[in-house]
Each structure stands twice: as structure tokens, then as C-alpha cells.
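**Q** Below is the structure I would like to discuss, written out as C-alpha cells.
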Amino acid sequence: MNQVGFVTKILPNNRAEVSMKKHAACGECGACQHGHENMSLNIIALNKIKSIEGDKVEVDLETSNVLGAAFIMYVIPLLTMVISIFISRHVFGNMIKMDNSEIYSILTGFIFLAITFFGIRLNEKKFEDSKRYIPTITRIIE
């Protein structure tokens with residue numbers, strides 16, 4: 001998945017901040033715009049080609065890595081929440097025989113959802129270090 005943007009800031013550890021326009025594949029959901037027209041997105045990318053501030057660059061992130069990151073951020077927490085709701089519903093409803101077991105099951109699901117997001121956040125440094133989920137500046141566009 002290639003995108004074009006402008007380097008706005010050079011960062012330590014061979015990285016750069018790149019400003020880019022919303023991609024056509026984003027559609028018109030407006031999630032990244034928050035009510036503003038043509039808002040640009042700022043991302044951190046690996047700067048292996050030593051671009052400088054103001055350069056127009058092409059940024060690449062493998063589609064499989066985008067899907068992998070989406071799986072980690074959306075599917076794993078959702079599955080954790082749903083599975084914990086079903087398991088806790090069985091435990092609270094059948095084994096413990098609690099009143100309002102549905103409410104406790106839903107609360108348990110949200111607790112496990114929060115724990116999953118917290119676990120992902122704790123492992124964010126590992127994801128960064130692997131450089132698999134970080135976009136890379138591939139070339140400078142003249």
C-alpha cells in the first residue's frame with residue numbers, strides 16, 4: 001500500500017514524521033477528519049533513504065502488515081470480549097446461579113476487552129521494534 005506525503009519532521013532512530021492526505025480507500029466515513037475538510041494525517045515512518053524536511057516522499061506498508069495490525073487492534077479484542085461474555089454467562093448463570101448474570105457477563109466482557117487493549121499497549125514497543133507494522137519511506141519524489 002503506497003501513499004505520497006511530505007516529510008514534516010526528522011526524528012531520532014532513523015524515523016521521520018510524514019504528513020499525507022486521506023487515502024481514497026478510506027471512503028467518506030470521516031473517522032480521521034472529526035468534522036474538518038481535507039485533513040491531513042501525520043504518521044511516523046522509517047527513514048532509510050535519509051529524506052529531509054520538505055521532501056515529497058512515497059511511503060509503503062505491506063498490505064499483509066496492515067491487515068495484521070488491524071487484526072491485532074480490532075479482531076483480537078473483539079474475540080476476547082465475546083468469548084469472555086459466553087464463558088462468564090455459563091459460569092454466572094449455570095454454575096454459580098447468580099441473579100442478573102447477563103449484566104455481570106457483559107461487565108466481565110468489557111473488563112477483558114480493557115485488559116486486552118492494555119496488553120496490546122504494553123507490547124507496543126515490541127511491535128515498533130519489529131518494524132513490521134511501521135511504514136517505510138521508499139523513495140523521494142521529484
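Each chain of the C-alpha cells is named A, B, ... in the order shown, its residues numbered from 1; ligands are numbered from 1 in display order.
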Any chance you could list, as a PyMOL selection string, the residues in chain A that come up strand (DSSP E or B) when DSSP is run on the backbone?
**A** chain A and resi 2-11+15-21+40-46+56-60+136-141
**Q** Those residues with N, CA and C atoms, as an mmCIF file, in the first residue's frame please?
**A**
data_model
loop_
_atom_site.group_PDB
_atom_site.id
_atom_site.type_symbol
_atom_site.label_atom_id
_atom_site.label_comp_id
_atom_site.auth_asym_id
_atom_site.auth_seq_id
_atom_site.Cartn_x
_atom_site.Cartn_y
_atom_site.Cartn_z
ATOM 1 N N ASN A 2 0.979 1.927 -1.127
ATOM 2 C CA ASN A 2 1.832 3.115 -1.273
ATOM 3 C C ASN A 2 1.009 4.377 -1.150
ATOM 4 N N GLN A 3 1.594 5.356 -0.471
ATOM 5 C CA GLN A 3 0.975 6.662 -0.330
ATOM 6 C C GLN A 3 2.050 7.716 -0.526
ATOM 7 N N VAL A 4 1.623 8.915 -0.872
ATOM 8 C CA VAL A 4 2.551 10.029 -1.065
ATOM 9 C C VAL A 4 2.285 11.064 0.015
ATOM 10 N N GLY A 5 3.384 11.603 0.579
ATOM 11 C CA GLY A 5 3.263 12.631 1.597
ATOM 12 C C GLY A 5 4.500 13.499 1.634
ATOM 13 N N PHE A 6 4.512 14.408 2.590
ATOM 14 C CA PHE A 6 5.631 15.327 2.757
ATOM 15 C C PHE A 6 6.253 15.119 4.129
ATOM 16 N N VAL A 7 7.581 15.073 4.164
ATOM 17 C CA VAL A 7 8.295 14.937 5.429
ATOM 18 C C VAL A 7 8.174 16.261 6.173
ATOM 19 N N THR A 8 7.628 16.211 7.390
ATOM 20 C CA THR A 8 7.447 17.437 8.166
ATOM 21 C C THR A 8 8.460 17.573 9.290
ATOM 22 N N LYS A 9 9.047 16.429 9.696
ATOM 23 C CA LYS A 9 9.983 16.477 10.810
ATOM 24 C C LYS A 9 10.880 15.243 10.783
ATOM 25 N N ILE A 10 12.158 15.443 11.011
ATOM 26 C CA ILE A 10 13.100 14.329 11.124
ATOM 27 C C ILE A 10 13.191 13.950 12.605
ATOM 28 N N LEU A 11 13.038 12.676 12.901
ATOM 29 C CA LEU A 11 13.037 12.180 14.269
ATOM 30 C C LEU A 11 14.253 11.299 14.522
ATOM 31 N N ARG A 15 13.877 7.799 11.829
ATOM 32 C CA ARG A 15 12.445 7.921 11.569
ATOM 33 C C ARG A 15 12.115 9.347 11.165
ATOM 34 N N ALA A 16 10.960 9.489 10.540
ATOM 35 C CA ALA A 16 10.503 10.810 10.131
ATOM 36 C C ALA A 16 8.996 10.891 10.287
ATOM 37 N N GLU A 17 8.522 12.098 10.533
ATOM 38 C CA GLU A 17 7.085 12.340 10.555
ATOM 39 C C GLU A 17 6.674 12.764 9.157
ATOM 40 N N VAL A 18 5.658 12.100 8.615
ATOM 41 C CA VAL A 18 5.210 12.371 7.257
ATOM 42 C C VAL A 18 3.738 12.790 7.305
ATOM 43 N N SER A 19 3.422 13.875 6.632
ATOM 44 C CA SER A 19 2.055 14.363 6.533
ATOM 45 C C SER A 19 1.490 13.936 5.190
ATOM 46 N N MET A 20 0.334 13.284 5.218
ATOM 47 C CA MET A 20 -0.292 12.843 3.974
ATOM 48 C C MET A 20 -1.788 13.068 4.006
ATOM 49 N N LYS A 21 -2.341 13.154 2.822
ATOM 50 C CA LYS A 21 -3.786 13.315 2.683
ATOM 51 C C LYS A 21 -4.468 11.973 2.879
ATOM 52 N N SER A 40 -5.135 16.389 6.862
ATOM 53 C CA SER A 40 -4.007 15.506 6.578
ATOM 54 C C SER A 40 -3.729 14.643 7.805
ATOM 55 N N LEU A 41 -3.115 13.495 7.560
ATOM 56 C CA LEU A 41 -2.751 12.574 8.621
ATOM 57 C C LEU A 41 -1.249 12.638 8.820
ATOM 58 N N ASN A 42 -0.799 12.634 10.054
ATOM 59 C CA ASN A 42 0.630 12.605 10.352
ATOM 60 C C ASN A 42 0.979 11.217 10.856
ATOM 61 N N ILE A 43 1.968 10.601 10.216
ATOM 62 C CA ILE A 43 2.399 9.270 10.616
ATOM 63 C C ILE A 43 3.902 9.282 10.862
ATOM 64 N N ILE A 44 4.376 8.289 11.591
ATOM 65 C CA ILE A 44 5.807 8.099 11.805
ATOM 66 C C ILE A 44 6.245 6.968 10.880
ATOM 67 N N ALA A 45 7.286 7.208 10.092
ATOM 68 C CA ALA A 45 7.770 6.222 9.130
ATOM 69 C C ALA A 45 9.279 6.047 9.270
ATOM 70 N N LEU A 46 9.741 4.852 8.906
ATOM 71 C CA LEU A 46 11.183 4.606 8.862
ATOM 72 C C LEU A 46 11.783 5.423 7.727
ATOM 73 N N LYS A 56 9.028 15.481 -0.795
ATOM 74 C CA LYS A 56 7.826 14.727 -1.162
ATOM 75 C C LYS A 56 8.277 13.273 -1.306
ATOM 76 N N VAL A 57 7.647 12.382 -0.536
ATOM 77 C CA VAL A 57 8.122 11.001 -0.472
ATOM 78 C C VAL A 57 6.986 10.009 -0.688
ATOM 79 N N GLU A 58 7.391 8.811 -1.069
ATOM 80 C CA GLU A 58 6.453 7.697 -1.172
ATOM 81 C C GLU A 58 6.641 6.829 0.070
ATOM 82 N N VAL A 59 5.546 6.513 0.718
ATOM 83 C CA VAL A 59 5.573 5.708 1.928
ATOM 84 C C VAL A 59 4.875 4.388 1.635
ATOM 85 N N ASP A 60 5.485 3.288 2.077
ATOM 86 C CA ASP A 60 4.943 1.968 1.789
ATOM 87 C C ASP A 60 4.737 1.183 3.074
ATOM 88 N N THR A 136 7.393 2.588 5.781
ATOM 89 C CA THR A 136 8.756 2.886 5.388
ATOM 90 C C THR A 136 8.750 3.876 4.220
ATOM 91 N N ILE A 137 9.598 4.893 4.312
ATOM 92 C CA ILE A 137 9.769 5.817 3.190
ATOM 93 C C ILE A 137 10.612 5.090 2.152
ATOM 94 N N THR A 138 10.062 4.887 0.958
ATOM 95 C CA THR A 138 10.738 4.084 -0.057
ATOM 96 C C THR A 138 11.485 4.917 -1.092
ATOM 97 N N ARG A 139 10.997 6.137 -1.371
ATOM 98 C CA ARG A 139 11.712 6.957 -2.354
ATOM 99 C C ARG A 139 11.278 8.407 -2.234
ATOM 100 N N ILE A 140 12.150 9.278 -2.718
ATOM 101 C CA ILE A 140 11.853 10.706 -2.774
ATOM 102 C C ILE A 140 11.304 11.007 -4.164
ATOM 103 N N ILE A 141 10.181 11.698 -4.202
ATOM 104 C CA ILE A 141 9.536 12.035 -5.477
ATOM 105 C C ILE A 141 9.955 13.443 -5.859
#
**Q** Would you list, as a PyMOL selection string, the residues of segment 42-113 of chain A that end up in helix (DSSP H, G or I) under DSSP run on this structure's backbone?
**A** chain A and resi 63-95+101-113
**Q** Using only C-alpha atoms, can you tell me which of A:Ile76, A:Ile96, A:Leu67, A:Val91 comes closest to Ala114 of chain A?
**A**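 The shortest atom-to-atom distance to Ala114 of chain A comes from A:Ile76.
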**Q** Between A:Asn14, A:Tyr74, A:Ile83, A:Phe112, which residue has the minimum interatomic distance to Ile52 of chain A, considering only C-alpha atoms?
**A**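 Using only C-alpha atoms, Ile52 of chain A sits closest to A:Asn14.
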